[in-house]
Structures are given as C-alpha cells and as structure tokens.
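J.: Data: upload-v7.txt, compact mmCIF, C-alpha atoms.
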```
# COMPACT_ATOMS: atom_id res chain seq x y z
CA MET A 113 -41.20 24.99 -34.05
CA HIS A 114 -39.33 26.03 -30.89
CA GLU A 115 -36.00 25.12 -32.47
CA LEU A 116 -35.45 28.79 -33.38
CA SER A 117 -35.74 29.85 -29.73
CA VAL A 118 -33.50 26.98 -28.66
CA ALA A 119 -30.91 27.85 -31.34
CA ASN A 120 -30.87 31.45 -30.14
CA ALA A 121 -30.35 30.38 -26.53
CA VAL A 122 -27.53 28.00 -27.53
CA VAL A 123 -25.69 30.61 -29.62
CA ASP A 124 -26.03 33.14 -26.77
CA THR A 125 -24.71 30.69 -24.18
CA ALA A 126 -21.78 29.58 -26.35
CA GLY A 127 -20.96 33.18 -27.30
CA ARG A 128 -20.89 34.29 -23.66
CA HIS A 129 -18.39 31.59 -22.74
CA ALA A 130 -16.26 32.11 -25.86
CA ARG A 131 -15.09 35.51 -24.58
CA GLY A 132 -14.28 36.89 -28.00
CA ARG A 133 -12.68 33.72 -29.38
CA THR A 134 -13.96 32.07 -32.54
CA VAL A 135 -16.09 29.00 -31.74
CA THR A 136 -15.44 25.88 -33.82
CA VAL A 137 -17.66 23.34 -32.02
CA VAL A 138 -20.74 23.65 -29.82
CA SER A 139 -21.69 20.45 -28.02
CA LEU A 140 -25.28 20.28 -26.84
CA ARG A 141 -27.10 17.62 -24.81
CA VAL A 142 -30.83 17.54 -25.49
CA GLY A 143 -33.28 15.42 -23.53
CA ARG A 144 -36.06 13.83 -25.56
CA MET A 145 -38.66 15.52 -23.34
CA ARG A 146 -37.63 18.76 -25.04
CA GLN A 147 -39.00 17.49 -28.34
CA VAL A 148 -36.24 19.13 -30.32
CA VAL A 149 -36.00 18.09 -33.97
CA PRO A 150 -32.22 17.81 -34.57
CA ASP A 151 -32.25 18.75 -38.27
CA SER A 152 -34.46 21.73 -37.58
CA LEU A 153 -32.20 22.88 -34.74
CA ARG A 154 -29.11 22.60 -36.99
CA PHE A 155 -30.90 24.61 -39.67
CA TYR A 156 -31.77 27.45 -37.29
CA PHE A 157 -28.38 27.29 -35.59
CA GLY A 158 -26.77 28.06 -38.96
CA ILE A 159 -29.02 31.07 -39.38
CA VAL A 160 -28.83 32.64 -35.92
CA ALA A 161 -25.07 32.01 -35.70
CA ARG A 162 -24.41 34.36 -38.62
CA ASP A 163 -22.29 37.37 -37.64
CA THR A 164 -21.58 35.85 -34.22
CA LEU A 165 -18.58 34.02 -32.75
CA CYS A 166 -20.41 30.79 -33.63
CA GLU A 167 -20.73 31.61 -37.32
CA HIS A 168 -18.48 28.73 -38.44
CA ALA A 169 -19.13 26.42 -35.49
CA ARG A 170 -20.30 22.84 -35.90
CA LEU A 171 -23.24 21.89 -33.71
CA GLU A 172 -22.71 18.49 -32.06
CA LEU A 173 -25.99 17.22 -30.73
CA THR A 174 -26.39 14.36 -28.26
CA GLU A 175 -29.93 13.20 -27.55
CA VAL A 176 -30.64 11.92 -24.03
CA ASP A 177 -33.34 9.31 -23.43
CA VAL A 178 -36.01 9.94 -20.81
CA ARG A 179 -35.23 7.98 -17.64
CA LEU A 180 -37.57 7.79 -14.64
CA SER A 181 -37.28 6.53 -11.10
CA CYS A 182 -40.14 5.56 -8.77
CA SER A 183 -39.72 7.08 -5.33
CA ALA A 184 -42.11 4.52 -3.81
CA CYS A 185 -40.60 1.21 -4.99
CA GLY A 186 -37.28 2.27 -6.45
CA ARG A 187 -37.85 0.98 -9.97
CA GLU A 188 -35.97 2.78 -12.74
CA TRP A 189 -37.12 2.65 -16.34
CA GLU A 190 -37.12 4.35 -19.74
CA PRO A 191 -40.72 4.96 -20.83
CA LEU A 192 -41.60 4.30 -24.47
CA TYR A 193 -44.26 6.99 -24.44
CA PRO A 194 -44.81 9.87 -22.00
CA ALA A 195 -46.24 8.03 -19.01
CA PHE A 196 -45.12 9.10 -15.58
CA ARG A 197 -46.71 6.47 -13.35
CA CYS A 198 -44.64 3.58 -12.04
CA PRO A 199 -45.48 0.45 -14.12
CA ASP A 200 -44.86 -1.75 -11.03
CA CYS A 201 -46.65 -0.02 -8.15
CA ALA A 202 -48.62 2.72 -10.03
CA SER A 203 -47.18 5.42 -7.78
CA ALA A 204 -47.27 8.95 -9.19
CA ASP A 205 -44.27 9.93 -7.08
CA VAL A 206 -41.86 9.60 -9.97
CA ALA A 207 -38.64 11.50 -10.49
CA LEU A 208 -37.22 12.41 -13.87
CA LEU A 209 -33.58 11.26 -13.82
CA ALA A 210 -32.80 12.27 -17.39
CA GLY A 211 -34.52 13.55 -20.49
CA GLU A 212 -35.11 17.23 -19.79
CA GLU A 213 -31.59 18.42 -20.62
CA LEU A 214 -31.02 21.44 -22.81
CA GLU A 215 -27.43 21.81 -21.88
CA VAL A 216 -24.43 23.31 -23.60
CA ASP A 217 -21.86 20.71 -22.56
CA TYR A 218 -18.72 22.29 -24.00
CA ILE A 219 -17.45 24.47 -26.79
CA GLU A 220 -14.21 24.39 -28.73
CA VAL A 221 -12.61 27.73 -29.46
CA GLU A 222 -9.64 28.94 -31.50
CA GLU A 223 -7.00 30.56 -29.37
CA PRO A 224 -5.48 33.61 -31.09
CA GLN A 225 -1.96 32.27 -30.40
CA ALA A 226 -0.52 29.09 -29.04
CA ALA A 227 -0.22 29.32 -25.30
CA SER A 228 1.52 26.90 -22.99
CA ALA A 229 -0.37 25.28 -20.16
CA GLU A 230 1.39 27.59 -17.72
CA GLU A 231 0.37 30.67 -19.69
CA GLN A 232 -3.24 29.48 -19.85
CA GLU A 233 -3.24 28.89 -16.12
CA ALA A 234 -1.81 32.38 -15.57
CA ALA A 235 -4.45 33.88 -17.85
CA CYS A 236 -7.18 32.07 -15.91
CA ILE A 237 -5.86 33.36 -12.61
CA GLY A 238 -5.60 36.84 -14.08
CA ARG A 239 -9.26 36.80 -15.03
CA ARG A 240 -10.46 35.80 -11.58
CA MET B 251 -3.61 28.89 -33.95
CA HIS B 252 -4.75 26.05 -31.71
CA ARG B 253 -8.03 24.92 -30.34
CA THR B 254 -9.14 24.72 -26.75
CA LYS B 255 -12.07 22.83 -25.33
CA VAL B 256 -14.07 24.87 -22.82
CA ARG B 257 -16.32 22.87 -20.46
CA ILE B 258 -19.58 24.73 -19.87
CA VAL B 259 -22.39 22.38 -18.71
CA GLU B 260 -24.94 25.15 -18.57
CA ASP B 261 -28.63 25.07 -19.31
CA ALA B 262 -29.11 27.01 -22.53
CA LEU B 263 -32.08 28.73 -20.89
CA ASP B 264 -30.11 29.87 -17.83
CA ALA B 265 -30.13 33.46 -19.09
CA ASN B 266 -33.93 33.39 -19.27
CA ASN B 267 -34.23 31.79 -15.84
CA THR B 268 -32.00 34.46 -14.30
CA ILE B 269 -34.28 37.21 -15.64
CA ALA B 270 -37.33 35.22 -14.52
CA ARG B 271 -35.95 35.20 -10.96
CA ALA B 272 -35.48 38.98 -11.14
CA ASN B 273 -39.11 39.33 -12.27
CA ARG B 274 -40.17 37.08 -9.43
CA ASP B 275 -38.30 39.24 -6.92
CA ASP B 276 -40.08 42.33 -8.23
CA PHE B 277 -43.48 40.61 -8.05
CA ASP B 278 -42.72 39.40 -4.51
CA HIS B 279 -41.64 42.89 -3.52
CA HIS B 280 -45.11 44.14 -4.46
CA ASP B 281 -46.80 41.06 -3.00
CA VAL B 282 -48.27 40.15 -6.37
CA THR B 283 -49.02 36.51 -7.19
CA VAL B 284 -48.45 35.66 -10.85
CA LEU B 285 -50.19 33.03 -12.97
CA ASN B 286 -48.85 32.04 -16.38
CA LEU B 287 -51.86 30.94 -18.45
CA MET B 288 -51.08 28.91 -21.55
CA SER B 289 -52.86 26.89 -24.25
CA ALA B 290 -53.04 26.20 -27.95
CA PRO B 291 -54.50 29.03 -30.06
CA GLY B 292 -58.26 29.15 -29.75
CA ALA B 293 -58.56 26.90 -26.67
CA GLY B 294 -60.48 29.64 -24.89
CA LYS B 295 -58.04 31.45 -22.57
CA THR B 296 -59.54 34.90 -23.12
CA THR B 297 -63.15 33.74 -22.97
CA LEU B 298 -62.42 31.87 -19.74
CA LEU B 299 -60.84 34.99 -18.26
CA GLU B 300 -63.86 37.05 -19.34
CA ARG B 301 -66.09 34.55 -17.58
CA ALA B 302 -63.97 34.08 -14.45
CA LEU B 303 -63.09 37.74 -13.92
CA GLY B 304 -66.42 39.28 -14.92
CA GLU B 305 -67.24 39.68 -11.23
CA PRO B 306 -64.56 40.90 -8.80
CA LEU B 307 -62.74 38.18 -6.84
CA GLU B 308 -63.40 38.85 -3.18
CA GLY B 309 -60.47 40.74 -1.70
CA VAL B 310 -58.23 40.05 -4.72
CA ARG B 311 -57.44 42.79 -7.23
CA VAL B 312 -56.62 41.23 -10.59
CA GLY B 313 -54.58 42.58 -13.48
CA VAL B 314 -53.90 40.94 -16.84
CA LEU B 315 -50.79 41.00 -19.01
CA GLU B 316 -51.93 40.04 -22.47
CA GLY B 317 -49.30 38.40 -24.67
CA ASP B 318 -49.90 38.24 -28.40
CA VAL B 319 -47.79 38.21 -31.52
CA GLN B 320 -49.79 41.09 -32.91
CA GLY B 321 -52.78 43.26 -32.18
CA SER B 322 -54.76 44.01 -29.02
CA TYR B 323 -57.91 42.01 -29.78
CA ASP B 324 -57.83 40.10 -26.47
CA ALA B 325 -56.82 43.14 -24.40
CA ASP B 326 -59.72 45.11 -25.90
CA ARG B 327 -62.13 42.35 -24.85
CA LEU B 328 -60.75 42.19 -21.31
CA ALA B 329 -60.69 45.97 -20.93
CA ALA B 330 -64.51 45.80 -20.93
CA LEU B 331 -64.22 44.07 -17.53
CA HIS B 332 -62.68 47.26 -16.06
CA LEU B 333 -59.52 45.43 -15.06
CA PRO B 334 -56.06 46.87 -15.61
CA VAL B 335 -54.98 45.16 -18.84
CA THR B 336 -51.53 45.62 -20.35
CA GLN B 337 -50.79 44.52 -23.91
CA LEU B 338 -47.45 42.90 -24.69
CA ASN B 339 -46.83 42.20 -28.37
CA THR B 340 -43.97 39.96 -29.38
CA ASP B 341 -43.89 41.39 -32.90
CA PRO B 342 -42.25 44.84 -32.59
CA GLY B 343 -38.74 44.37 -31.27
CA PHE B 344 -39.09 40.70 -30.43
CA GLY B 345 -39.14 39.21 -33.93
CA GLY B 346 -42.69 37.97 -33.64
CA GLU B 347 -41.85 35.28 -31.11
CA CYS B 348 -44.46 32.56 -30.62
CA HIS B 349 -44.14 32.71 -26.81
CA LEU B 350 -43.36 35.14 -24.02
CA ASP B 351 -39.99 34.97 -22.32
CA ALA B 352 -38.74 36.50 -19.09
CA ASN B 353 -37.11 39.44 -20.83
CA MET B 354 -40.31 40.44 -22.63
CA VAL B 355 -42.20 40.38 -19.33
CA ARG B 356 -39.38 42.39 -17.76
CA SER B 357 -39.81 45.04 -20.45
CA ALA B 358 -43.50 45.29 -19.53
CA LEU B 359 -42.93 45.67 -15.77
CA PRO B 360 -42.87 49.50 -15.81
CA SER B 361 -46.32 49.58 -17.40
CA LEU B 362 -47.86 47.13 -14.90
CA PRO B 363 -49.75 48.59 -11.92
CA LEU B 364 -48.02 46.23 -9.47
CA GLY B 365 -48.88 48.37 -6.46
CA GLU B 366 -52.59 48.17 -7.24
CA ILE B 367 -53.07 44.45 -7.89
CA ASP B 368 -52.76 41.20 -5.92
CA LEU B 369 -52.93 38.74 -8.79
CA LEU B 370 -51.39 39.13 -12.24
CA VAL B 371 -52.62 36.74 -14.91
CA ILE B 372 -50.20 36.55 -17.83
CA GLU B 373 -52.04 35.26 -20.88
CA ASN B 374 -49.27 33.71 -22.92
CA VAL B 375 -49.18 33.46 -26.72
CA GLY B 376 -51.31 30.54 -27.92
CA ASN B 377 -48.85 27.68 -28.45
CA LEU B 378 -48.35 24.29 -26.78
CA VAL B 379 -44.61 24.03 -27.36
CA CYS B 380 -42.44 27.10 -26.77
CA PRO B 381 -44.21 28.73 -23.78
CA ALA B 382 -43.49 25.59 -21.74
CA GLU B 383 -39.75 26.24 -22.05
CA PHE B 384 -39.67 29.81 -20.77
CA ARG B 385 -40.24 30.68 -17.12
CA LEU B 386 -41.48 34.23 -16.70
CA GLY B 387 -41.20 34.62 -12.93
CA GLU B 388 -44.63 33.13 -12.25
CA ASP B 389 -45.84 31.47 -9.03
CA ALA B 390 -48.03 28.97 -10.84
CA ARG B 391 -48.84 27.73 -14.31
CA ALA B 392 -52.23 26.82 -15.67
CA MET B 393 -53.19 25.64 -19.11
CA VAL B 394 -56.39 25.29 -21.07
CA CYS B 395 -56.99 22.21 -23.18
CA SER B 396 -60.29 22.19 -25.03
CA VAL B 397 -62.04 18.93 -25.82
CA THR B 398 -62.00 19.81 -29.53
CA GLU B 399 -58.23 19.32 -29.52
CA GLY B 400 -58.62 15.57 -29.09
CA GLU B 401 -57.67 13.13 -26.37
CA ASP B 402 -54.04 12.66 -27.40
CA LYS B 403 -52.71 16.15 -26.68
CA PRO B 404 -51.13 15.40 -23.26
CA LEU B 405 -49.10 12.63 -24.92
CA LYS B 406 -48.03 14.91 -27.77
CA TYR B 407 -47.01 17.89 -25.62
CA PRO B 408 -45.82 16.34 -22.35
CA LEU B 409 -43.49 19.21 -21.43
CA MET B 410 -46.41 21.66 -21.42
CA PHE B 411 -48.86 19.36 -19.63
CA ARG B 412 -46.26 18.41 -17.00
CA SER B 413 -45.28 21.98 -16.25
CA CYS B 414 -48.73 23.09 -15.05
CA GLU B 415 -50.34 23.08 -11.60
CA LEU B 416 -53.83 23.34 -13.07
CA VAL B 417 -55.29 21.97 -16.30
CA LEU B 418 -58.62 23.38 -17.46
CA ILE B 419 -60.54 21.07 -19.80
CA ASN B 420 -62.66 23.59 -21.71
CA LYS B 421 -65.58 23.56 -24.17
CA LEU B 422 -67.38 20.76 -22.32
CA ASP B 423 -70.60 22.00 -23.92
CA LEU B 424 -69.35 20.69 -27.27
CA LEU B 425 -68.94 17.08 -26.10
CA PRO B 426 -72.29 15.89 -27.54
CA HIS B 427 -71.15 17.02 -30.99
CA LEU B 428 -67.72 15.42 -30.91
CA GLN B 429 -66.28 11.94 -31.12
CA VAL B 430 -63.68 12.76 -28.51
CA ASP B 431 -63.39 10.38 -25.53
CA LEU B 432 -63.21 12.57 -22.41
CA ASP B 433 -62.22 9.65 -20.17
CA ARG B 434 -59.35 8.86 -22.52
CA LEU B 435 -58.25 12.51 -22.45
CA LEU B 436 -58.24 12.50 -18.63
CA TYR B 437 -56.43 9.12 -18.58
CA ASN B 438 -53.72 10.52 -20.86
CA LEU B 439 -53.45 13.64 -18.70
CA ASP B 440 -53.00 11.45 -15.63
CA ALA B 441 -50.28 9.46 -17.39
CA VAL B 442 -48.30 12.60 -18.22
CA ASN B 443 -48.93 14.59 -15.02
CA PRO B 444 -50.30 12.18 -12.38
CA GLY B 445 -52.53 13.81 -9.82
CA VAL B 446 -52.48 17.26 -11.41
CA ARG B 447 -55.39 19.48 -10.37
CA ARG B 448 -57.91 19.64 -13.20
CA LEU B 449 -61.20 21.41 -13.75
CA LEU B 450 -63.84 20.57 -16.33
CA VAL B 451 -65.23 23.87 -17.58
CA SER B 452 -67.28 25.53 -20.26
CA ALA B 453 -66.66 29.21 -20.85
CA LEU B 454 -69.92 29.23 -22.81
CA THR B 455 -72.30 27.77 -20.22
CA GLY B 456 -70.30 28.75 -17.14
CA ASP B 457 -69.81 25.17 -15.93
CA GLY B 458 -66.82 24.97 -13.59
CA ILE B 459 -66.27 28.73 -13.54
CA ASP B 460 -67.01 28.99 -9.80
CA GLU B 461 -64.35 26.36 -9.14
CA LEU B 462 -61.88 28.27 -11.33
CA ARG B 463 -62.65 31.50 -9.44
CA GLN B 464 -62.09 29.66 -6.17
CA TRP B 465 -58.76 28.30 -7.41
CA LEU B 466 -57.64 31.78 -8.48
CA HIS B 467 -58.70 33.16 -5.10
CA GLU B 468 -56.77 30.46 -3.23
CA LEU B 469 -53.74 31.02 -5.43
CA ALA B 470 -53.72 34.76 -4.71
CA THR B 471 -54.45 34.50 -0.99
CA GLY B 472 -52.53 31.29 -0.22
CA ARG B 473 -49.59 32.31 -2.40
CA ALA B 474 -49.18 28.72 -3.57
CA ARG B 475 -45.66 28.45 -4.87
CA ALA B 476 -44.12 26.80 -7.88
CA GLY B 477 -40.46 26.76 -8.82
CA VAL B 478 -39.14 29.50 -11.07
```
How does this structure look as structure tokens?

T.:
Amino acid sequence: MHELSVANAVVDTAGRHARGRTVTVVSLRVGRMRQVVPDSLRFYFGIVARDTLCEHARLELTEVDVRLSCSACGREWEPLYPAFRCPDCASADVALLAGEELEVDYIEVEEPQAASAEEQEAACIGRR
Amino acid sequence: MHRTKVRIVEDALDANNTIARANRDDFDHHDVTVLNLMSAPGAGKTTLLERALGEPLEGVRVGVLEGDVQGSYDADRLAALHLPVTQLNTDPGFGGECHLDANMVRSALPSLPLGEIDLLVIENVGNLVCPAEFRLGEDARAMVCSVTEGEDKPLKYPLMFRSCELVLINKLDLLPHLQVDLDRLLYNLDAVNPGVRRLLVSALTGDGIDELRQWLHELATGRARAGV
C-alpha cells in the first residue's frame, strides 16, 4: 500500500535530476526489506508520472536481497525470513549490508539537441 | 535527439530526510524531545496516551501532535487531559496520505507550542507500513502492537518493528480470551529487532503504564537520541 508514496518520491527525485529534460528511463534499486510490490509500484508510477517529465519513462526495477553480517563472528548470510540474529553465534550485533535500498540509480533523458562530449563537459562546467 | 544516462544514486526519500533534519533542528533549538508513536489502526495508541499522560510527568511538559487522515476524534479525547494537542489531518491538502511525512509535520510547526513543552509525542496515522519509511525529525520511535494482532506481525512488518526503540505489547488483559501465543510474539519480535526495549501493557487495567511513564520521562530528560 505504500507503493503510491514510493512512486511519488521516485518521480520527484528523477524529475529534480532531469533538469527540464524528458525522462525515458528511471532505474530504481529496491531492497526486499522495503516490501515494495513491483507491479503495484509500476502501476502507481504510471499514474503519478502523468504531466511530469517522467510521463513516458519506463521504470526499471532491480530488487536487492537482504544481506546481513555478524559483527561478533564475521558470518555473512542472506536470511530466508526476517531474522536478525546470527545463526552461528546468536549475536544480536548484526549489520544490514543490503536490502534496505530505495535508490534511484540512474535516469536516461532526451537531450534537446545532439551535443558533443566537449559541449556537454562545457555545459557541466557552466552549471557549477 | 539523443539520450543521455544520468547517474544519480540517491535515496528516493532524501527529500523527506532533508526536511526531517530541518524539523529536528527546530525541535533541538527549543530543547524539545520528539517521539514518533506508531501502530496499526486500533492498537491502542490514543488510549495508552490517555492512560500515560493522565497525570503530569514530573518536570516534563508534554504536547501531542495528532496525525489522522480525517477528523479530530483522538485530539478531542486527549484535549480532556489539558495538554496542548494539535491536530494534523492528512486529508486536506495532502491527498489523504496514510502516514505523516516530514513536510506535513513542518507545516504544523507554527501551531505547536514548542516554547512551552519539553516532550512532543507525534501520534502517527494508524498503519504498519508507510509510517516506517518517513522520518519526521524525531529523537525516538515507539510502536504499539496489541496481542489481538497475532504473533506473526513482527515477521510481516520487519521495517516497522526494526525502526523502533520501544515496542509496547498492548491489550494484555485480553490474553485469556485469545489463542495468541505471547511467547511466540516476543520470540518473533526478538528475531526482527534483537534486544529492543519492550513493555507489556494494558491501557485498560493500567498494567505497565508506570513503566511507560518512566520511559517517557527518561526519554525527555535524558534526550536519548536516534538517527534522523
């Protein structure tokens, strides 16, 4: 049910970085801890992207497995269900290495006109 | 027309977290400790607050920010305690969101008596999913899980259960009438958030309320910190 909020946040983030250019692809990395339902997120993305730079963008979604590391004994593992104690030494001092991502990795945008690498570099410097 | 790939690698909730930090700065400026209180609908947040805040906390002035999709039913109840209660509805202007976010709380800041309170309890919208995602600028998070919800809830909503510093297991008085296994519930909680502080309470009988009051007092006076 939080896919609507997530879709809003993704469209906002992509739109901010697009700087007025039309977005064709939004690539998102989602950790499984986030409990995002991909189909539901795509559905809402299509709705909230209307009348924005992302209106015709394709949402590319990569799911990231939960990965844990035990600070006491060093074991690393991917839990099958949400259990955050080390299966070897039962320590609760466990770090989440991956699985909480909700990260816009990259976007693809349409440039209004073809620009050479030098021109792009100059434009970047100009913006700084 | 050609296409360019723009690397971003940015948390989609960065914008919310930035506003949450601004809220936190404002709360710090007024020396107000903030607790984000969350649960499923009907777990007993408001009744617990009525119980815990019915008597003044020694040396701690408490205010409540009441988040609801619609209406002021909870705020009306808490107003009877003669605490400053501010209603924040997510319906007008916020599309009826099922959670509070940092920007909504920011919009309520001008109507909060920050100079007159030491502890602000934000009662979030009843929901075990979305509120876990959105930092508000709080110092600590607590959640209520009632025994009627069943023993599997920590496993089903790990993000919520992991994000809290205190878990209140409420409605203990109903245990004799239920088939729920309390030990199993606590075992599952420990699996998801090992070592988390937990209190077994009943808003109806008052069991555990003294301990909750003590925790709130320590939070406000010790300024226990959690990450924004």

J.: Point out the residue among B:Glu383, B:Asp460, B:Glu415, B:Asp440 with the least atom-to-atom distance to Glu115 in chain A, counting all atoms listed in the file.

T.: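 The answer is B:Glu383, which sits nearest to Glu115 in chain A.
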
J.: Provide as a PyMOL selection string the residues of chain B at most 8 Å from chain A, counting all atoms listed in the file.

T.: chain B and resi 251-263+265+379-380+405+408-409+441-445

J.: Just to confirm, what's the straight-line distance from CA of Leu338 in chain B to CA of Ala470 in chain B in Å (one decimal)?

T.: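 The value is 22.5 Å.
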
J.: Let me make sure I understand: among B:Arg327, B:His467, B:Arg448, B:His349, which one has the smallest atom-to-atom distance to Leu436 in chain B if we use only C-alpha atoms?

T.: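 That would be B:Arg448, the residue with the smallest distance to Leu436 in chain B.
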
J.: What's the separation between CA of Phe155 in chain A and CA of Glu172 in chain A, in Å to one decimal place?

T.: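 Interatomic distance, CA of Phe155 in chain A to CA of Glu172 in chain A: 12.7 Å.
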
J.: Hey, can you check how far CA of Phe384 in chain B sits from CA of Glu347 in chain B?

T.: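 If I compute the distance from CA of Phe384 in chain B to CA of Glu347 in chain B, I get 11.9 Å.
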
J.: Please provide as a list of chain:residue names all residues within 10 Å of Phe277 in chain B, with the sequence filter that same-chain residues fewer than 4 positions apart are discarded (counting all atoms listed in the file).

T.: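 Within the cut-off, the hits are B:Arg271, B:Ala272, B:Asn273, B:Asp281, B:Val282, B:Thr283, B:Val284, B:Leu359, B:Leu364, B:Gly365, B:Asp368, B:Leu369, B:Leu370, B:Gly387, B:Glu388, B:Asp389.
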
J.: Just the selected residues (C-alpha atoms), exported as an mmCIF file, in the frame of the given file, please.

T.:
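Written output follows (part.cif):
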```
data_model
loop_
_atom_site.group_PDB
_atom_site.id
_atom_site.type_symbol
_atom_site.label_atom_id
_atom_site.label_comp_id
_atom_site.auth_asym_id
_atom_site.auth_seq_id
_atom_site.Cartn_x
_atom_site.Cartn_y
_atom_site.Cartn_z
ATOM 1 C CA ARG B 271 -35.950 35.200 -10.960
ATOM 2 C CA ALA B 272 -35.480 38.980 -11.140
ATOM 3 C CA ASN B 273 -39.110 39.330 -12.270
ATOM 4 C CA ASP B 281 -46.800 41.060 -3.000
ATOM 5 C CA VAL B 282 -48.270 40.150 -6.370
ATOM 6 C CA THR B 283 -49.020 36.510 -7.190
ATOM 7 C CA VAL B 284 -48.450 35.660 -10.850
ATOM 8 C CA LEU B 359 -42.930 45.670 -15.770
ATOM 9 C CA LEU B 364 -48.020 46.230 -9.470
ATOM 10 C CA GLY B 365 -48.880 48.370 -6.460
ATOM 11 C CA ASP B 368 -52.760 41.200 -5.920
ATOM 12 C CA LEU B 369 -52.930 38.740 -8.790
ATOM 13 C CA LEU B 370 -51.390 39.130 -12.240
ATOM 14 C CA GLY B 387 -41.200 34.620 -12.930
ATOM 15 C CA GLU B 388 -44.630 33.130 -12.250
ATOM 16 C CA ASP B 389 -45.840 31.470 -9.030
#
```

J.: Could you name the residues that touch Asn377 in chain B at 7 Å or less, counting only C-alpha atoms, but leaving out those on the same chain fewer than 3 positions away, as a PyMOL selection string?

T.: chain B and resi 289-291+348+380-381

J.: Enclose range 125-133 of chain A, meaning all of its atoms listed in the file, in a box aligned along x, y and z, pad it by 5 Å on each side, and list the centre and edge lengths in Å to one decimal, as lines of an AutoDock Vina configuration file.

T.:
```
center_x = -18.7
center_y = 33.2
center_z = -26.1
size_x = 22.0
size_y = 17.3
size_z = 16.6
```

J.: Please provide the set of residues having any atom within 9 Å of Ser181 in chain A, restricted to all atoms listed in the file, with same-chain residues fewer than 5 positions apart removed, written as a PDB file with C-alpha atoms, keeping the file's coordinate frame.

T.:
```
ATOM      1  CA  GLY A 186     -37.280   2.270  -6.450  1.00  0.00           C
ATOM      2  CA  ARG A 187     -37.850   0.980  -9.970  1.00  0.00           C
ATOM      3  CA  GLU A 188     -35.970   2.780 -12.740  1.00  0.00           C
ATOM      4  CA  TRP A 189     -37.120   2.650 -16.340  1.00  0.00           C
ATOM      5  CA  GLU A 190     -37.120   4.350 -19.740  1.00  0.00           C
ATOM      6  CA  CYS A 198     -44.640   3.580 -12.040  1.00  0.00           C
ATOM      7  CA  ASP A 205     -44.270   9.930  -7.080  1.00  0.00           C
ATOM      8  CA  VAL A 206     -41.860   9.600  -9.970  1.00  0.00           C
ATOM      9  CA  ALA A 207     -38.640  11.500 -10.490  1.00  0.00           C
ATOM     10  CA  LEU A 208     -37.220  12.410 -13.870  1.00  0.00           C
ATOM     11  CA  LEU A 209     -33.580  11.260 -13.820  1.00  0.00           C
TER      12      LEU A 209
END
```
